[in-house]
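Here the structure comes first, spelled out in structure tokens, and everything after it is commentary.
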Amino acid sequence: MLSDFVTEEKFLKGVSIYLKKHLYSNARTINLWEGISEATGINVPDVMDNWINKIGFPVLTITETADSITVRQDRYLETGDVKDEENQTLWQIPLNLMTVDESGKGSVDRSIVMKTREETYKVDTSKPFKLNAGTSGVYRVLYKPDRVKKLGKQATEASSPFAVTDRIGLISDVMVLGKSGMCRTSDGLALINEMRSETEYFVWDCISTNLGTILGVWWEMSDVVRANMNAFRQSLFSPLVKKYGYEPQPDESQDVRQLRTLAISQAAGAEDPEVLDELKSRFKLLAENGDHSRILPDFQSTAYSTGVRHGGRAEWEAAKKIFLNPPTASARTHAIYAMTATRDEALIEENLKFMMTEVKTQDVMYFFIGLNSNRSSRRQLFAFFKENFDTIYKRFEGTFGLGNLIKVSLRDFSTQGDLDDAIAFFKDKDTVKYSMPLEQSLDGIRANMKWLNQSNSDVIDWLESWTASNRKY
């Protein structure tokens, strides 16, 4: 953020001044700020003081008129319920305001530094604009819903002035602020809907990650809601599968290869029938004939998991065979995720028993991750964890593994019953060796509960409305 504000050239010059002045001697943070100040003529210690010495970071709320924007800064909290006593810090914020001229060319004003609670700036709001251009600033930006949709549409136009980092930052801001209750989660879904013509892998990766976060918290949604969510996801990712296919081309970029892999994974996760049939047919050749040739490394994990998830014991045994005798190290990990993707109750039980008796300690985490990621086994995993806690504790005592297993076991839980169950289980335990991951997990459940309670009807209604308007999916 500081380098972007003062320019990289002057930042590096300041670092050089700092290093030369303190060669072979001790130094403090203030000495670095003084070196950059000397190179830039800016009072860097003053700018950076609250960023370094105060807790948290700000969220900027934008309101508009025809020829101006008003920006207000407040401390950001994930839960969105910041109290007055927690909201006393005023940061000096480089706004990096991007505006667009009559020709459609974008420019960034890096000279604006917000220092007070609320300030107004002249901006022609009939044209695209965005704060935190380049997304280098450590703060969130909250726009009105109609502005978010406009930004989404403008961001993916051929002549868009918004860089990849701008598009990623825009999605991230809206989805994170939706979770905190500062805007609607459906604003994020509407933004993603507007950005379906995106071509860059990193933006699509951000889209899939945020949709995955929603799916994680809403994992117990009804079949109707899940069908609507899957239809929406298919509308985003299935066209990419059709565009890029399954086979890599000799002259394609790494970005395209990554995008193909992501699209196949997401379309399969959304249960696109054509994608499922293709992957199952390829896995069938492996399961029946040991033929790996049709499962390329780019989508190996998705093919394995799809084959087992939509298959039975034969497919699970095929994945187990790969785990025990893998052709590559990555195939071994992918086989674990495939084994744990089964929806069959008996096979889930076998996974749990196999994990405790046949699996090396370093691989147990992968089984936990797979079992937690599978909504058919998520609660079963935590029940198993509780029943076998003493054994697991002894196995992982003295390592970071125990804390990580706790975090994975409780990940994505989002009900009061889940929270009460976890608190009751650990109530009489000596948690000193894993207190931090436990508290983080409990806080995560509380945050998920709040998000689900405040946004459940919003998400359901938006998906229902979208599906009604897009019957072909």
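Convention: chains lettered A, B, ... in structure tokens order; per-chain residue numbering from 1; ligands numbered from 1 as shown.
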- Query: What's the 10 Å shell around Leu170 in chain A, counting only C-alpha atoms, without same-chain residues fewer than 3 positions away, as a PyMOL selection string?
  - Reply: chain A and resi 130-133+135+140-143+148+151-152+155+162+164-167+173-175+188+191
Fill in: All residues 8 Å or closer to range 394-398 of chain A, only C-alpha atoms, same chain fewer than 4 positions away omitted, as number ranges by chain
A: 361, 390, 402
*Using only C-alpha atoms, which residues sit within 10 Å of range 334-341 of chain A once same-chain residues fewer than 2 positions away are excluded, as a PyMOL selection string?*
chain A and resi 300-310+313+315-324+326+328-332+343-344+347-348+350-352+355+363-364+366-377
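Distance check against Val100 in chain A using only C-alpha atoms: of A:Gln362, A:Thr467, A:Thr29, A:Ser160, the minimum falls on A:Ser160.
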Do a neighbour search on Ser222 in chain A at 12 Å with only C-alpha atoms, toss out local chain neighbours closer than 5 positions, and write the hits as a PDB file with all heavy atoms, in the first residue's frame.
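As written to disk, out-v1.pdb reads:
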ATOM      1  N   LEU A 215     -21.498 -21.946  -0.214  1.00  0.00           N
ATOM      2  CA  LEU A 215     -21.900 -23.347  -0.175  1.00  0.00           C
ATOM      3  C   LEU A 215     -21.502 -24.009   1.139  1.00  0.00           C
ATOM      4  O   LEU A 215     -22.225 -24.867   1.660  1.00  0.00           O
ATOM      5  CB  LEU A 215     -21.264 -24.097  -1.352  1.00  0.00           C
ATOM      6  CG  LEU A 215     -21.887 -23.845  -2.724  1.00  0.00           C
ATOM      7  CD1 LEU A 215     -20.962 -24.352  -3.818  1.00  0.00           C
ATOM      8  CD2 LEU A 215     -23.252 -24.524  -2.818  1.00  0.00           C
ATOM      9  N   ALA A 227     -30.562 -27.013  -5.892  1.00  0.00           N
ATOM     10  CA  ALA A 227     -30.752 -27.100  -7.347  1.00  0.00           C
ATOM     11  C   ALA A 227     -30.629 -25.719  -7.985  1.00  0.00           C
ATOM     12  O   ALA A 227     -30.040 -25.574  -9.069  1.00  0.00           O
ATOM     13  CB  ALA A 227     -32.120 -27.715  -7.657  1.00  0.00           C
ATOM     14  N   ASN A 228     -31.172 -24.706  -7.329  1.00  0.00           N
ATOM     15  CA  ASN A 228     -31.060 -23.344  -7.858  1.00  0.00           C
ATOM     16  C   ASN A 228     -29.618 -22.857  -7.843  1.00  0.00           C
ATOM     17  O   ASN A 228     -29.143 -22.232  -8.802  1.00  0.00           O
ATOM     18  CB  ASN A 228     -31.936 -22.385  -7.046  1.00  0.00           C
ATOM     19  CG  ASN A 228     -33.422 -22.633  -7.240  1.00  0.00           C
ATOM     20  OD1 ASN A 228     -33.828 -23.277  -8.217  1.00  0.00           O
ATOM     21  ND2 ASN A 228     -34.232 -22.141  -6.327  1.00  0.00           N
ATOM     22  N   MET A 229     -28.897 -23.147  -6.751  1.00  0.00           N
ATOM     23  CA  MET A 229     -27.490 -22.761  -6.676  1.00  0.00           C
ATOM     24  C   MET A 229     -26.670 -23.488  -7.740  1.00  0.00           C
ATOM     25  O   MET A 229     -25.810 -22.896  -8.403  1.00  0.00           O
ATOM     26  CB  MET A 229     -26.938 -23.041  -5.285  1.00  0.00           C
ATOM     27  CG  MET A 229     -25.426 -22.811  -5.144  1.00  0.00           C
ATOM     28  SD  MET A 229     -24.896 -21.106  -5.492  1.00  0.00           S
ATOM     29  CE  MET A 229     -24.949 -20.408  -3.825  1.00  0.00           C
ATOM     30  N   ASN A 456     -30.037 -15.729   5.095  1.00  0.00           N
ATOM     31  CA  ASN A 456     -30.600 -16.949   4.533  1.00  0.00           C
ATOM     32  C   ASN A 456     -31.711 -16.657   3.533  1.00  0.00           C
ATOM     33  O   ASN A 456     -31.684 -17.135   2.388  1.00  0.00           O
ATOM     34  CB  ASN A 456     -31.128 -17.851   5.657  1.00  0.00           C
ATOM     35  CG  ASN A 456     -31.520 -19.226   5.150  1.00  0.00           C
ATOM     36  OD1 ASN A 456     -30.834 -19.814   4.318  1.00  0.00           O
ATOM     37  ND2 ASN A 456     -32.634 -19.743   5.643  1.00  0.00           N
ATOM     38  N   ILE A 460     -31.697 -17.259  -0.608  1.00  0.00           N
ATOM     39  CA  ILE A 460     -32.722 -18.146  -1.165  1.00  0.00           C
ATOM     40  C   ILE A 460     -33.585 -17.399  -2.178  1.00  0.00           C
ATOM     41  O   ILE A 460     -33.861 -17.899  -3.280  1.00  0.00           O
ATOM     42  CB  ILE A 460     -33.584 -18.744  -0.040  1.00  0.00           C
ATOM     43  CG1 ILE A 460     -32.754 -19.736   0.779  1.00  0.00           C
ATOM     44  CG2 ILE A 460     -34.817 -19.432  -0.605  1.00  0.00           C
ATOM     45  CD1 ILE A 460     -33.462 -20.253   2.016  1.00  0.00           C
TER      46      ILE A 460
END
Check: Quick one: DSSP alpha helix (DSSP H) residues in range 38-275 of chain A, as a PyMOL selection string?
Finding: chain A and resi 38-40+44-53+145-155+164-179+185-194+201-217+223-244+254-269+273-275
Would you give me, as a list in words, the residues in range 72-285 of chain A that DSSP reads as strand (DSSP E or B)?
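Answer for range 72-285 of chain A restricted to strand (DSSP E or B) is Arg72, Gln73, Asp74, Arg75, Ile93, Pro94, Leu97, Met98, Thr99, Val100, Gly106, Ser107, Val108, Asp109, Val113, Met114, Glu118, Glu119, Thr120, Tyr121, Lys122, Phe129, Lys130, Arg140, Val141 and Leu142 of chain A.
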Output of the above residues as a PDB file, in the first residue's frame, restricted to N, CA and C atoms:
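Contents of part_33.pdb, as written:
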ATOM      1  N   ARG A  72     -16.949   7.762   3.993  1.00  0.00           N
ATOM      2  CA  ARG A  72     -16.895   7.700   5.454  1.00  0.00           C
ATOM      3  C   ARG A  72     -16.072   6.480   5.854  1.00  0.00           C
ATOM      4  N   GLN A  73     -15.170   6.670   6.804  1.00  0.00           N
ATOM      5  CA  GLN A  73     -14.366   5.550   7.291  1.00  0.00           C
ATOM      6  C   GLN A  73     -14.812   5.114   8.682  1.00  0.00           C
ATOM      7  N   ASP A  74     -14.888   3.802   8.880  1.00  0.00           N
ATOM      8  CA  ASP A  74     -15.173   3.185  10.170  1.00  0.00           C
ATOM      9  C   ASP A  74     -14.308   1.939  10.286  1.00  0.00           C
ATOM     10  N   ARG A  75     -14.092   1.514  11.509  1.00  0.00           N
ATOM     11  CA  ARG A  75     -13.337   0.284  11.691  1.00  0.00           C
ATOM     12  C   ARG A  75     -14.162  -0.896  11.184  1.00  0.00           C
ATOM     13  N   ILE A  93      -5.782   7.423   4.830  1.00  0.00           N
ATOM     14  CA  ILE A  93      -6.059   6.411   3.815  1.00  0.00           C
ATOM     15  C   ILE A  93      -5.775   6.945   2.413  1.00  0.00           C
ATOM     16  N   PRO A  94      -4.790   6.393   1.721  1.00  0.00           N
ATOM     17  CA  PRO A  94      -4.598   6.725   0.298  1.00  0.00           C
ATOM     18  C   PRO A  94      -5.757   6.131  -0.502  1.00  0.00           C
ATOM     19  N   LEU A  97      -8.014   6.938  -6.217  1.00  0.00           N
ATOM     20  CA  LEU A  97      -9.296   7.098  -6.889  1.00  0.00           C
ATOM     21  C   LEU A  97      -9.142   7.008  -8.401  1.00  0.00           C
ATOM     22  N   MET A  98      -9.751   5.980  -9.001  1.00  0.00           N
ATOM     23  CA  MET A  98      -9.744   5.836 -10.449  1.00  0.00           C
ATOM     24  C   MET A  98     -10.996   6.463 -11.040  1.00  0.00           C
ATOM     25  N   THR A  99     -10.831   7.299 -12.034  1.00  0.00           N
ATOM     26  CA  THR A  99     -11.938   7.881 -12.784  1.00  0.00           C
ATOM     27  C   THR A  99     -11.688   7.661 -14.267  1.00  0.00           C
ATOM     28  N   VAL A 100     -12.722   7.878 -15.074  1.00  0.00           N
ATOM     29  CA  VAL A 100     -12.644   7.638 -16.515  1.00  0.00           C
ATOM     30  C   VAL A 100     -13.059   8.904 -17.254  1.00  0.00           C
ATOM     31  N   GLY A 106      -8.926   5.409 -18.322  1.00  0.00           N
ATOM     32  CA  GLY A 106      -8.901   5.542 -16.875  1.00  0.00           C
ATOM     33  C   GLY A 106      -7.622   6.172 -16.376  1.00  0.00           C
ATOM     34  N   SER A 107      -7.725   6.907 -15.278  1.00  0.00           N
ATOM     35  CA  SER A 107      -6.557   7.483 -14.619  1.00  0.00           C
ATOM     36  C   SER A 107      -6.754   7.394 -13.111  1.00  0.00           C
ATOM     37  N   VAL A 108      -5.646   7.313 -12.390  1.00  0.00           N
ATOM     38  CA  VAL A 108      -5.712   7.139 -10.938  1.00  0.00           C
ATOM     39  C   VAL A 108      -5.074   8.334 -10.255  1.00  0.00           C
ATOM     40  N   ASP A 109      -5.829   8.972  -9.366  1.00  0.00           N
ATOM     41  CA  ASP A 109      -5.312  10.072  -8.552  1.00  0.00           C
ATOM     42  C   ASP A 109      -4.789   9.489  -7.245  1.00  0.00           C
ATOM     43  N   VAL A 113      -5.431  11.721   0.172  1.00  0.00           N
ATOM     44  CA  VAL A 113      -5.293  10.977   1.432  1.00  0.00           C
ATOM     45  C   VAL A 113      -6.409  11.414   2.365  1.00  0.00           C
ATOM     46  N   MET A 114      -7.273  10.490   2.717  1.00  0.00           N
ATOM     47  CA  MET A 114      -8.378  10.780   3.616  1.00  0.00           C
ATOM     48  C   MET A 114      -7.892  10.740   5.058  1.00  0.00           C
ATOM     49  N   GLU A 118     -15.176  11.707   7.626  1.00  0.00           N
ATOM     50  CA  GLU A 118     -15.992  11.770   6.417  1.00  0.00           C
ATOM     51  C   GLU A 118     -15.537  12.919   5.534  1.00  0.00           C
ATOM     52  N   GLU A 119     -15.374  12.655   4.248  1.00  0.00           N
ATOM     53  CA  GLU A 119     -14.938  13.687   3.304  1.00  0.00           C
ATOM     54  C   GLU A 119     -15.681  13.515   1.983  1.00  0.00           C
ATOM     55  N   THR A 120     -15.816  14.631   1.263  1.00  0.00           N
ATOM     56  CA  THR A 120     -16.516  14.634  -0.024  1.00  0.00           C
ATOM     57  C   THR A 120     -15.549  15.048  -1.128  1.00  0.00           C
ATOM     58  N   TYR A 121     -15.660  14.359  -2.278  1.00  0.00           N
ATOM     59  CA  TYR A 121     -14.755  14.615  -3.398  1.00  0.00           C
ATOM     60  C   TYR A 121     -15.564  14.771  -4.678  1.00  0.00           C
ATOM     61  N   LYS A 122     -15.083  15.644  -5.550  1.00  0.00           N
ATOM     62  CA  LYS A 122     -15.727  15.868  -6.836  1.00  0.00           C
ATOM     63  C   LYS A 122     -15.465  14.684  -7.765  1.00  0.00           C
ATOM     64  N   PHE A 129     -16.088   4.798 -11.857  1.00  0.00           N
ATOM     65  CA  PHE A 129     -15.065   5.211 -10.899  1.00  0.00           C
ATOM     66  C   PHE A 129     -14.882   4.082  -9.884  1.00  0.00           C
ATOM     67  N   LYS A 130     -13.747   4.084  -9.229  1.00  0.00           N
ATOM     68  CA  LYS A 130     -13.473   3.051  -8.220  1.00  0.00           C
ATOM     69  C   LYS A 130     -12.404   3.544  -7.263  1.00  0.00           C
ATOM     70  N   ARG A 140     -11.577  -2.100   3.041  1.00  0.00           N
ATOM     71  CA  ARG A 140     -12.719  -2.531   2.242  1.00  0.00           C
ATOM     72  C   ARG A 140     -13.494  -1.309   1.776  1.00  0.00           C
ATOM     73  N   VAL A 141     -14.177  -1.457   0.644  1.00  0.00           N
ATOM     74  CA  VAL A 141     -14.973  -0.355   0.100  1.00  0.00           C
ATOM     75  C   VAL A 141     -16.401  -0.840  -0.109  1.00  0.00           C
ATOM     76  N   LEU A 142     -17.350  -0.104   0.475  1.00  0.00           N
ATOM     77  CA  LEU A 142     -18.767  -0.465   0.403  1.00  0.00           C
ATOM     78  C   LEU A 142     -19.505   0.517  -0.499  1.00  0.00           C
TER      79      LEU A 142
END
Practice problem: Give the answer as one residue: which of A:Pro437, A:Glu247, A:Gly312, A:Trp462 has the shortest atom-to-atom distance to Gly401 in chain A, using only C-alpha atoms? | Solution: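 Among the listed residues, the smallest separation from Gly401 in chain A belongs to A:Pro437.
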Practice prompt. Please measure the separation of CA of Glu157 in chain A and CA of Lys144 in chain A, giving the value in Å to one decimal.
Written response: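 We find that CA of Glu157 in chain A and CA of Lys144 in chain A lie 20.6 Å from each other.
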